[in-house]
>>> print(open('target.pdb').read())   # PDB, C-alpha atoms
ATOM      1  CA  MET A 141     196.732 -31.890  94.423
ATOM      2  CA  LEU A 142     199.703 -33.588  92.816
ATOM      3  CA  LYS A 143     202.916 -33.599  94.828
ATOM      4  CA  LEU A 144     206.195 -33.362  92.974
ATOM      5  CA  TYR A 145     209.402 -33.982  94.870
ATOM      6  CA  ASP A 146     211.740 -31.623  93.128
ATOM      7  CA  HIS A 147     214.907 -29.611  93.156
ATOM      8  CA  PRO A 148     214.707 -26.518  90.902
ATOM      9  CA  LEU A 149     218.174 -27.173  89.459
ATOM     10  CA  SER A 150     217.419 -30.764  88.456
ATOM     11  CA  PRO A 151     216.849 -30.961  84.685
ATOM     12  CA  TYR A 152     214.976 -34.222  85.250
ATOM     13  CA  ALA A 153     212.511 -32.472  87.551
ATOM     14  CA  GLN A 154     212.324 -29.519  85.168
ATOM     15  CA  LYS A 155     211.122 -31.811  82.370
ATOM     16  CA  VAL A 156     208.223 -32.968  84.516
ATOM     17  CA  LYS A 157     207.276 -29.458  85.625
ATOM     18  CA  ILE A 158     207.204 -28.263  82.017
ATOM     19  CA  ALA A 159     205.000 -31.200  81.055
ATOM     20  CA  LEU A 160     202.541 -30.607  83.901
ATOM     21  CA  ARG A 161     202.368 -26.915  83.057
ATOM     22  CA  GLU A 162     201.738 -27.681  79.396
ATOM     23  CA  LYS A 163     198.922 -29.991  80.525
ATOM     24  CA  GLY A 164     197.485 -27.297  82.818
ATOM     25  CA  GLN A 165     197.782 -29.581  85.856
ATOM     26  CA  PRO A 166     198.424 -27.797  89.178
ATOM     27  CA  PHE A 167     201.005 -29.344  91.465
ATOM     28  CA  GLU A 168     202.812 -28.722  94.726
ATOM     29  CA  THR A 169     206.600 -28.915  94.771
ATOM     30  CA  LEU A 170     208.479 -30.331  97.735
ATOM     31  CA  THR A 171     212.254 -30.251  98.087
ATOM     32  CA  PRO A 172     213.233 -33.306 100.145
ATOM     33  CA  GLY A 173     215.776 -32.992 102.907
ATOM     34  CA  GLY A 174     218.901 -35.082 103.077
ATOM     35  CA  LEU A 175     219.601 -35.144  99.348
ATOM     36  CA  GLY A 176     223.052 -33.626  99.522
ATOM     37  CA  ALA A 177     224.201 -35.798 102.398
ATOM     38  CA  GLY A 178     222.586 -39.002 101.164
ATOM     39  CA  GLY A 179     220.164 -39.079 104.108
ATOM     40  CA  ALA A 180     216.767 -38.863 102.420
ATOM     41  CA  ALA A 181     213.889 -40.505 104.286
ATOM     42  CA  GLY A 182     210.128 -40.560 104.812
ATOM     43  CA  GLU A 183     207.478 -40.298 102.119
ATOM     44  CA  PHE A 184     210.042 -39.155  99.570
ATOM     45  CA  LEU A 185     212.056 -42.352  99.964
ATOM     46  CA  GLU A 186     208.838 -44.366  99.788
ATOM     47  CA  ALA A 187     208.035 -42.629  96.504
ATOM     48  CA  ASN A 188     211.537 -43.078  95.119
ATOM     49  CA  PRO A 189     213.814 -45.668  96.746
ATOM     50  CA  ARG A 190     216.653 -44.322  94.589
ATOM     51  CA  ALA A 191     216.406 -41.113  96.659
ATOM     52  CA  GLU A 192     216.447 -38.907  93.567
ATOM     53  CA  VAL A 193     214.192 -36.182  92.261
ATOM     54  CA  PRO A 194     211.749 -36.122  90.661
ATOM     55  CA  ALA A 195     209.153 -38.323  92.312
ATOM     56  CA  LEU A 196     205.442 -37.820  91.683
ATOM     57  CA  VAL A 197     202.683 -38.564  94.186
ATOM     58  CA  ASP A 198     199.152 -38.671  92.753
ATOM     59  CA  GLY A 199     196.895 -39.816  95.572
ATOM     60  CA  GLU A 200     197.961 -43.388  96.286
ATOM     61  CA  VAL A 201     200.132 -43.526  93.165
ATOM     62  CA  ARG A 202     203.878 -43.005  93.569
ATOM     63  CA  ILE A 203     206.163 -42.833  90.557
ATOM     64  CA  PHE A 204     209.874 -42.249  90.138
ATOM     65  CA  ASP A 205     212.133 -41.740  87.097
ATOM     66  CA  SER A 206     211.428 -38.665  84.995
ATOM     67  CA  THR A 207     210.675 -40.587  81.803
ATOM     68  CA  ILE A 208     208.199 -42.909  83.525
ATOM     69  CA  ILE A 209     206.582 -39.883  85.169
ATOM     70  CA  LEU A 210     206.230 -38.237  81.754
ATOM     71  CA  GLU A 211     204.616 -41.405  80.403
ATOM     72  CA  TYR A 212     202.192 -41.436  83.333
ATOM     73  CA  VAL A 213     201.343 -37.776  82.807
ATOM     74  CA  GLU A 214     200.703 -38.404  79.102
ATOM     75  CA  ASP A 215     198.465 -41.391  79.862
ATOM     76  CA  ARG A 216     196.662 -39.696  82.745
ATOM     77  CA  TRP A 217     196.007 -36.384  80.971
ATOM     78  CA  PRO A 218     196.166 -37.099  77.219
ATOM     79  CA  ASP A 219     195.082 -33.594  76.160
ATOM     80  CA  PRO A 220     196.908 -31.688  74.922
ATOM     81  CA  PRO A 221     199.172 -34.469  73.662
ATOM     82  CA  LEU A 222     202.904 -34.011  74.124
ATOM     83  CA  LEU A 223     203.996 -36.959  71.992
ATOM     84  CA  PRO A 224     203.736 -36.857  68.187
ATOM     85  CA  ALA A 225     201.007 -38.970  66.594
ATOM     86  CA  ALA A 226     203.127 -41.190  64.341
ATOM     87  CA  PRO A 227     204.938 -44.178  65.946
ATOM     88  CA  ALA A 228     208.211 -43.344  64.190
ATOM     89  CA  GLU A 229     208.081 -39.759  65.421
ATOM     90  CA  ARG A 230     207.304 -40.912  68.947
ATOM     91  CA  ALA A 231     210.346 -43.155  68.828
ATOM     92  CA  ARG A 232     212.474 -40.268  67.518
ATOM     93  CA  VAL A 233     211.634 -37.913  70.386
ATOM     94  CA  ARG A 234     212.020 -40.702  72.964
ATOM     95  CA  MET A 235     215.495 -41.430  71.628
ATOM     96  CA  LEU A 236     216.243 -37.718  71.842
ATOM     97  CA  GLU A 237     215.179 -37.686  75.482
ATOM     98  CA  GLU A 238     217.269 -40.763  76.244
ATOM     99  CA  ALA A 239     220.344 -39.175  74.684
ATOM    100  CA  MET A 240     219.916 -35.950  76.640
ATOM    101  CA  ASP A 241     219.239 -37.743  79.917
ATOM    102  CA  THR A 242     222.099 -40.217  79.778
ATOM    103  CA  HIS A 243     224.802 -38.384  77.827
ATOM    104  CA  PHE A 244     224.296 -34.619  77.662
ATOM    105  CA  GLU A 245     223.268 -34.322  81.319
ATOM    106  CA  ALA A 246     226.614 -35.723  82.407
ATOM    107  CA  ILE A 247     228.502 -32.880  80.708
ATOM    108  CA  ASN A 248     226.633 -30.157  82.593
ATOM    109  CA  TRP A 249     226.870 -32.183  85.780
ATOM    110  CA  GLY A 250     230.633 -32.512  85.286
ATOM    111  CA  LEU A 251     230.962 -28.787  84.691
ATOM    112  CA  SER A 252     229.169 -28.175  87.985
ATOM    113  CA  GLU A 253     231.496 -30.598  89.759
ATOM    114  CA  ILE A 254     234.493 -28.591  88.592
ATOM    115  CA  ARG A 255     233.191 -25.016  88.562
ATOM    116  CA  TRP A 256     230.874 -24.990  91.565
ATOM    117  CA  PHE A 257     231.962 -27.880  93.756
ATOM    118  CA  ARG A 258     235.676 -27.371  93.120
ATOM    119  CA  ARG A 259     236.585 -31.038  92.776
ATOM    120  CA  THR A 260     239.940 -30.203  91.241
ATOM    121  CA  GLU A 261     242.139 -27.276  90.245
ATOM    122  CA  GLY A 262     245.078 -26.507  88.013
ATOM    123  CA  GLU A 263     245.854 -28.553  84.910
ATOM    124  CA  LEU A 264     243.169 -31.192  85.495
ATOM    125  CA  GLU A 265     240.542 -28.494  85.983
ATOM    126  CA  ARG A 266     241.545 -26.842  82.707
ATOM    127  CA  THR A 267     241.533 -30.193  80.907
ATOM    128  CA  LEU A 268     238.077 -31.181  82.117
ATOM    129  CA  LEU A 269     236.568 -27.771  81.357
ATOM    130  CA  ALA A 270     238.043 -27.787  77.844
ATOM    131  CA  ARG A 271     236.805 -31.287  77.129
ATOM    132  CA  ALA A 272     233.325 -30.477  78.406
ATOM    133  CA  ALA A 273     233.173 -27.397  76.174
ATOM    134  CA  ALA A 274     234.294 -29.375  73.124
ATOM    135  CA  GLN A 275     231.777 -32.123  73.852
ATOM    136  CA  THR A 276     229.000 -29.576  74.230
ATOM    137  CA  ARG A 277     229.793 -28.054  70.842
ATOM    138  CA  ARG A 278     229.681 -31.484  69.204
ATOM    139  CA  TRP A 279     226.326 -32.142  70.820
ATOM    140  CA  PHE A 280     225.030 -28.836  69.501
ATOM    141  CA  GLY A 281     225.887 -30.045  66.002
ATOM    142  CA  TRP A 282     224.015 -33.282  66.588
ATOM    143  CA  LEU A 283     221.005 -31.431  67.961
ATOM    144  CA  GLU A 284     220.950 -29.167  64.911
ATOM    145  CA  SER A 285     220.752 -32.291  62.745
ATOM    146  CA  GLN A 286     217.894 -33.630  64.875
ATOM    147  CA  LEU A 287     216.016 -30.367  64.615
ATOM    148  CA  ASP A 288     216.540 -30.366  60.852
ATOM    149  CA  ASP A 289     213.880 -28.115  59.275
ATOM    150  CA  ARG A 290     211.301 -28.625  62.012
ATOM    151  CA  PRO A 291     210.152 -25.612  64.038
ATOM    152  CA  TRP A 292     210.231 -27.812  67.153
ATOM    153  CA  PHE A 293     212.075 -30.972  68.099
ATOM    154  CA  ASN A 294     208.626 -32.508  68.506
ATOM    155  CA  GLY A 295     207.588 -31.518  64.983
ATOM    156  CA  GLU A 296     205.057 -28.821  64.180
ATOM    157  CA  THR A 297     204.178 -28.114  67.799
ATOM    158  CA  PHE A 298     206.043 -27.908  71.103
ATOM    159  CA  GLY A 299     206.058 -31.185  72.995
ATOM    160  CA  TRP A 300     207.993 -34.047  74.539
ATOM    161  CA  GLY A 301     211.031 -33.641  72.318
ATOM    162  CA  ASP A 302     211.362 -29.982  73.291
ATOM    163  CA  LEU A 303     210.901 -30.297  77.038
ATOM    164  CA  ALA A 304     213.524 -33.069  76.877
ATOM    165  CA  VAL A 305     216.098 -30.630  75.485
ATOM    166  CA  ALA A 306     215.305 -27.195  76.950
ATOM    167  CA  PRO A 307     216.481 -27.778  80.556
ATOM    168  CA  TYR A 308     219.829 -29.111  79.367
ATOM    169  CA  LEU A 309     220.511 -26.321  76.901
ATOM    170  CA  ASN A 310     219.577 -23.740  79.515
ATOM    171  CA  GLY A 311     222.068 -25.498  81.751
ATOM    172  CA  SER A 312     224.742 -25.110  79.081
ATOM    173  CA  VAL A 313     223.934 -21.407  78.810
ATOM    174  CA  GLY A 314     224.365 -21.152  82.573
ATOM    175  CA  HIS A 315     227.843 -22.604  82.174
ATOM    176  CA  GLY A 316     228.715 -20.013  79.520
ATOM    177  CA  LEU A 317     228.220 -22.391  76.581
ATOM    178  CA  PRO A 318     225.241 -21.108  74.562
ATOM    179  CA  PRO A 319     224.403 -22.252  71.028
ATOM    180  CA  ASP A 320     226.003 -20.090  68.355
ATOM    181  CA  LYS A 321     224.157 -16.866  67.619
ATOM    182  CA  GLY A 322     222.163 -17.099  64.419
ATOM    183  CA  SER A 323     222.035 -20.902  64.530
ATOM    184  CA  LYS A 324     218.827 -22.906  64.249
ATOM    185  CA  LEU A 325     219.453 -24.232  67.728
ATOM    186  CA  ALA A 326     219.751 -20.733  69.210
ATOM    187  CA  ALA A 327     216.511 -19.692  67.511
ATOM    188  CA  TRP A 328     214.768 -22.805  68.814
ATOM    189  CA  LEU A 329     215.966 -22.132  72.367
ATOM    190  CA  GLU A 330     214.681 -18.568  72.212
ATOM    191  CA  ARG A 331     211.262 -19.851  71.086
ATOM    192  CA  ALA A 332     211.233 -22.530  73.781
ATOM    193  CA  ASN A 333     212.143 -20.072  76.536
ATOM    194  CA  ALA A 334     209.333 -17.777  75.421
ATOM    195  CA  ARG A 335     206.767 -20.421  76.408
ATOM    196  CA  SER A 336     205.342 -19.816  79.862
ATOM    197  CA  SER A 337     205.893 -23.431  80.949
ATOM    198  CA  VAL A 338     209.608 -23.254  80.135
ATOM    199  CA  ALA A 339     210.102 -19.651  81.262
ATOM    200  CA  ARG A 340     208.587 -20.258  84.697
ATOM    201  CA  THR A 341     210.604 -23.439  85.195
ATOM    202  CA  ALA A 342     213.821 -21.732  84.078
ATOM    203  CA  GLU A 343     213.206 -18.801  86.424
ATOM    204  CA  GLU A 344     212.744 -21.185  89.349
ATOM    205  CA  ALA A 345     216.111 -22.723  88.501
ATOM    206  CA  ALA A 346     217.750 -19.301  88.175
ATOM    207  CA  ALA A 347     216.314 -18.166  91.515
ATOM    208  CA  SER A 348     217.607 -21.318  93.203
ATOM    209  CA  SER A 349     221.036 -20.779  91.691
ATOM    210  CA  ARG A 350     221.125 -17.159  92.850
ATOM    211  CA  ALA A 351     220.126 -18.210  96.363
ATOM    212  CA  ALA A 352     222.817 -20.883  96.601
ATOM    213  CA  THR A 353     226.216 -19.934  98.030
ATOM    214  CA  MET A 354     228.497 -22.042  95.865
ATOM    215  CA  PRO A 355     231.769 -21.462  97.775
ATOM    216  CA  ASN A 356     230.023 -22.706 100.918
ATOM    217  CA  VAL A 357     228.740 -25.769  99.054
ATOM    218  CA  ALA A 358     232.270 -26.484  97.852
ATOM    219  CA  GLU A 359     233.476 -26.284 101.436
ATOM    220  CA  LEU A 360     230.751 -28.700 102.525
ATOM    221  CA  VAL A 361     231.935 -31.107  99.841
ATOM    222  CA  ARG A 362     235.502 -30.751 101.068
ATOM    223  CA  GLN A 363     234.358 -31.648 104.578
ATOM    224  CA  GLY A 364     232.335 -34.626 103.369
ATOM    225  CA  LEU A 365     229.055 -33.040 104.497
ATOM    226  CA  PHE A 366     227.663 -32.757 100.963
ATOM    227  CA  LYS A 367     227.929 -35.756  98.668
ATOM    228  CA  ARG A 368     227.141 -35.502  94.983
ATOM    229  CA  GLU A 369     225.699 -38.633  93.396
ATOM    230  CA  TYR A 370     227.851 -40.374  90.806
ATOM    231  CA  ARG A 371     225.353 -42.412  88.821
ATOM    232  CA  ASP A 372     226.390 -44.541  85.847
ATOM    233  CA  HIS A 373     226.499 -41.947  83.062
ATOM    234  CA  ARG A 374     228.132 -39.334  85.291
ATOM    235  CA  LEU A 375     230.814 -41.728  86.435
ATOM    236  CA  GLU A 376     231.434 -42.665  82.794
ATOM    237  CA  TRP A 377     231.782 -39.013  81.812
ATOM    238  CA  MET A 378     234.276 -38.247  84.563
ATOM    239  CA  ILE A 379     236.414 -41.307  83.767
ATOM    240  CA  LYS A 380     236.431 -40.934  79.991
ATOM    241  CA  SER A 381     237.091 -37.193  80.204
ATOM    242  CA  GLY A 382     240.234 -37.740  82.260
ATOM    243  CA  GLY A 383     238.894 -37.248  85.774
ATOM    244  CA  ALA A 384     239.547 -40.676  87.282
ATOM    245  CA  GLN A 385     241.549 -38.999  90.037
ATOM    246  CA  VAL A 386     238.505 -36.941  90.980
ATOM    247  CA  VAL A 387     236.602 -40.161  91.605
ATOM    248  CA  ILE A 388     239.479 -41.748  93.523
ATOM    249  CA  ASP A 389     239.819 -38.653  95.702
ATOM    250  CA  GLY A 390     236.058 -38.495  96.269
ATOM    251  CA  LEU A 391     235.967 -42.109  97.393
ATOM    252  CA  ALA A 392     238.925 -41.583  99.709
ATOM    253  CA  LYS A 393     237.339 -38.467 101.244
ATOM    254  CA  ASP A 394     233.852 -40.008 101.311
ATOM    255  CA  ASN A 395     232.312 -36.998  99.604
ATOM    256  CA  ILE A 396     230.717 -38.770  96.641
ATOM    257  CA  ARG A 397     227.861 -41.230  96.784
ATOM    258  CA  PHE A 398     225.960 -43.704  94.649
ATOM    259  CA  SER A 399     222.322 -44.812  94.549
ATOM    260  CA  PRO A 400     221.212 -46.420  97.831
ATOM    261  CA  ASP A 401     220.277 -50.068  98.028
ATOM    262  CA  PHE A 402     216.575 -50.800  97.740
ATOM    263  CA  GLY A 403     214.738 -52.149 100.753
ATOM    264  CA  PRO A 404     214.303 -51.200 104.436
ATOM    265  CA  ARG A 405     217.133 -49.293 106.063
ATOM    266  CA  PRO A 406     218.906 -50.877 109.042
ATOM    267  CA  GLY A 407     216.797 -50.271 112.119
ATOM    268  CA  GLY A 408     213.889 -49.171 109.946
TER
END
>>> encode(input="target.pdb", output="structure tokens")
Amino acid sequence: MLKLYDHPLSPYAQKVKIALREKGQPFETLTPGGLGAGGAAGEFLEANPRAEVPALVDGEVRIFDSTIILEYVEDRWPDPPLLPAAPAERARVRMLEEAMDTHFEAINWGLSEIRWFRRTEGELERTLLARAAAQTRRWFGWLESQLDDRPWFNGETFGWGDLAVAPYLNGSVGHGLPPDKGSKLAAWLERANARSSVARTAEEAAASSRAATMPNVAELVRQGLFKREYRDHRLEWMIKSGGAQVVIDGLAKDNIRFSPDFGPRPGG
């Protein structure tokens, strides 16, 4: 059986789970240890030297990066297809995925940094939350334009373009920022969440969120025992949104981290 290294709250892993469920491919999920402290090891690190979820293990094949995993899944199990047939439409949904992965994701991630992990309080907290909300609303406008008159982002049927958006919009809803009622985007999200592949994945995320004790996680961050990863787009979001001090403080307290270097670990 396929192994998927996963965390239920990761939108990148959620994309892959939705795709596998749409393809009817059974898989086992494994949550690797050491993620929060930057101490991942073993088969997971062999599968993904960036020490990030998702990572897919298919027999002897090991793949990391959610987009590359989706491409592998599409090539390995072409039916039912998740990409549109026309080259221009394929490019359109791939650009949509890229935008969500490298821009929109950072907004929800930043909201979690402030609301759940308590990186800052007072005026800076209010500023960052307000800017994230305003950015989210602008993105909703852009997404409406991308949806246009299509029933799905992918076109006539649910597919790659939709699974690339659904986890992120559900994340926005979780932060109290849903699409406007009566909007095309809200109607699309309702349709997407009615699909079993999306509904099951969203419920797994909700169950994980309910099980987490966020004040305790914030305390672990304060103690430097839990380190959130500041990858390129997330670091950019925090800086451009006015949170440079958050980064400076995190570096000083050693409670943020970046991608590990590739190659054997010292003593390994």
>>> resolve_selection(input="target.pdb", expression="the PyMOL selection byres ((chain A and resi 385-400) around 10)", output="VMD selection string")
chain A and resid 176 to 180 189 to 192 253 to 254 259 to 260 264 360 to 372 375 378 to 379 382 to 384 401 to 403 405
>>> atom_distance(input="target.pdb", atom1="CA of Asp215 in chain A", atom2="CA of Ala332 in chain A")
23.6 Å
>>> residues_around(input="target.pdb", residues="Ala195 in chain A", least_positions_apart="4", cutoff="9 Å", atoms="only C-alpha atoms", output="number ranges by chain")
A: 143-146, 153, 184, 187-188, 191, 202-206, 209
>>> resolve_selection(input="target.pdb", expression="the PyMOL selection byres ((chain A and resi 230) around 12)", output="list in words")
Glu211, Pro221, Leu222, Leu223, Pro224, Ala225, Ala226, Pro227, Ala228, Glu229, Ala231, Arg232, Val233, Arg234, Met235, Leu236, Glu237, Phe293, Asn294, Gly295, Gly299, Trp300 and Gly301 of chain A
>>> closest_residue(input="target.pdb", among="A:Asp198, A:Glu330, A:Glu261, A:Glu186", to="Ala306 in chain A", atoms="only C-alpha atoms")
A:Glu330
>>> atom_distance(input="target.pdb", atom1="CA of Gln165 in chain A", atom2="CA of Arg340 in chain A")
14.3 Å
>>> atom_distance(input="target.pdb", atom1="CA of Thr242 in chain A", atom2="CA of Ala358 in chain A")
24.9 Å
>>> closest_residue(input="target.pdb", among="A:Leu251, A:Leu269, A:Ala342, A:Ile158", to="Phe298 in chain A", atoms="only C-alpha atoms")
A:Ile158
>>> closest_residue(input="target.pdb", among="A:Ala159, A:Val201, A:Leu149, A:Ala239", to="Glu214 in chain A", atoms="all atoms listed in the file")
A:Ala159
>>> resolve_selection(input="target.pdb", expression="the PyMOL selection byres ((chain A and resi 270-287) around 7)", output="PDB file with C-alpha atoms, in the frame of the given file")
ATOM      1  CA  ILE A 247     228.502 -32.880  80.708  1.00  0.00           C
ATOM      2  CA  LEU A 251     230.962 -28.787  84.691  1.00  0.00           C
ATOM      3  CA  ARG A 266     241.545 -26.842  82.707  1.00  0.00           C
ATOM      4  CA  THR A 267     241.533 -30.193  80.907  1.00  0.00           C
ATOM      5  CA  LEU A 268     238.077 -31.181  82.117  1.00  0.00           C
ATOM      6  CA  LEU A 269     236.568 -27.771  81.357  1.00  0.00           C
ATOM      7  CA  ASP A 288     216.540 -30.366  60.852  1.00  0.00           C
ATOM      8  CA  ASP A 289     213.880 -28.115  59.275  1.00  0.00           C
ATOM      9  CA  ARG A 290     211.301 -28.625  62.012  1.00  0.00           C
ATOM     10  CA  TRP A 292     210.231 -27.812  67.153  1.00  0.00           C
ATOM     11  CA  PHE A 293     212.075 -30.972  68.099  1.00  0.00           C
ATOM     12  CA  PRO A 319     224.403 -22.252  71.028  1.00  0.00           C
ATOM     13  CA  LYS A 324     218.827 -22.906  64.249  1.00  0.00           C
ATOM     14  CA  LEU A 325     219.453 -24.232  67.728  1.00  0.00           C
ATOM     15  CA  SER A 381     237.091 -37.193  80.204  1.00  0.00           C
TER      16      SER A 381
END
>>> closest_residue(input="target.pdb", among="A:Trp328, A:Trp256, A:Tyr308, A:Phe167", to="Phe244 in chain A", atoms="all atoms listed in the file")
A:Tyr308
>>> closest_residue(input="target.pdb", among="A:Glu162, A:Gly311, A:Leu170, A:Gly316", to="Trp249 in chain A", atoms="only C-alpha atoms")
A:Gly311
>>> closest_residue(input="target.pdb", among="A:Ala327, A:Ala346, A:Val313, A:Ala304", to="Pro148 in chain A", atoms="only C-alpha atoms")
A:Ala346
